[in-house]
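**Student:** Before anything else, here's the structure in question.
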Amino acid sequence: MSKRNSQAAKTAARERLRAEREREAKKAKVRRQIIVACSAIGVLAIAGGVGFAIVQANEPSTWEKAADAKVVAPANTSGTNGTTVVVGESSAKNTVHLYEDPRCPACASFEQTVGETVNKGMEDGEYKLSFTIGTFLDGNLGGEGSKNALSALGAALNVSTDAFIDYKTALYSSKYHPAESTDEFAKDSYLIKVANTVDALKNNKKFQDAVEKGTYDAWAVKMSESFDNAEGVESTPTIKINDKKIENPSTVAEWETALKTAGVTQ
């Protein structure tokens, strides 16, 4: 190999080495750019996730939203925000006012033992029935079953007063009323299941939509506030006959005695 050829070979080798180093440098630069970009995306994703979590944490709950929402009052109601619920003949001179909470076991016991007789007296025109329903057990026990059941009762009342009475009876029945410590009424599916035992509500699409969409959630909040502000009501059930609180009857005989004492029947 001549000296010239040897020098040319060295020059060519150095050129190839330089070119290779440039390619490696470019590759390294690209890798660094990719790493930086991915890191930036990761930071943004984490920041976005944290931000989303913060937004979610600060997002009002369904019932907080309902408290500020426009009230849609069910049919068959009256008064401010539709919180006056009276069932029976308007001409009846006497009024029996029931204050209850859907999750209340004592209310369920009252309804199971005396409820049918109470409803019959209303149907016979001896008195009107007035209802104020609270949800304080949700606060005491945790959950939202009382509020959700009250909203569903509003949906039943919108169908008819008979549907309301029958649905309330079903919710308080020994078969469907859950233990106080559970929150079955928080499930729309459970409320609809119970409603399907009531003729007027069975497979009633309008009723079911109202339950699932929370149509009467805001009304339930206002009704609950009305209960909280009721005079002389410290527990459930509270029963008033012509605005006078009575001892809760545990038998039909005690109920009939209470009516006679109040001058409702002779």
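Lettering and numbering for the structure tokens are positional, with chains as A, B, ... in the shown order, residues counted from 1 in each chain, and ligands counted from 1 in the shown order.
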Write down as a PyMOL selection string the residues belonging to region 100-158 of chain A that are assigned alpha helix (DSSP H) by DSSP computed on the backbone.
**Tutor:** chain A and resi 105-110+116-123+136-141+145-158
**Student:** Excluding Val87 (chain A) and any residue of its chain fewer than 6 positions from it, enumerate the residues within 9 Å of it, using only C-alpha atoms, and give them as a PyMOL selection string.
**Tutor:** chain A and resi 76+122+128-131+161-162+165
**Student:** Next, write the just-selected residues to a file, as an mmCIF file, in the first residue's frame, keeping C-alpha atoms as the atom set.
**Tutor:**
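Dumped everything to part31.cif:
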```
data_model
loop_
_atom_site.group_PDB
_atom_site.id
_atom_site.type_symbol
_atom_site.label_atom_id
_atom_site.label_comp_id
_atom_site.auth_asym_id
_atom_site.auth_seq_id
_atom_site.Cartn_x
_atom_site.Cartn_y
_atom_site.Cartn_z
ATOM 1 C CA ASN A 76 -101.272 16.181 45.428
ATOM 2 C CA MET A 122 -108.964 8.104 56.869
ATOM 3 C CA LYS A 128 -107.649 13.446 57.238
ATOM 4 C CA LEU A 129 -104.081 12.179 57.313
ATOM 5 C CA SER A 130 -101.256 14.682 57.160
ATOM 6 C CA PHE A 131 -97.628 13.645 56.641
ATOM 7 C CA THR A 161 -102.450 9.622 46.929
ATOM 8 C CA ASP A 162 -103.427 5.949 46.919
ATOM 9 C CA ILE A 165 -100.172 5.381 50.920
#
```
**Student:** Determine the nearest neighbour of Thr182 (chain A) from the options A:Cys104, A:Ala163, A:Ala170, A:Ala155, counting only C-alpha atoms.
**Tutor:**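 The closest residue to Thr182 (chain A) is A:Cys104.
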**Student:** So, counting only C-alpha atoms, which residue among A:Ser146, A:Lys244, A:Asp217, A:Asn229 is closest to Lys65 (chain A)?
**Tutor:**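 Answer, going by the shortest atom-to-atom distance: A:Asp217.
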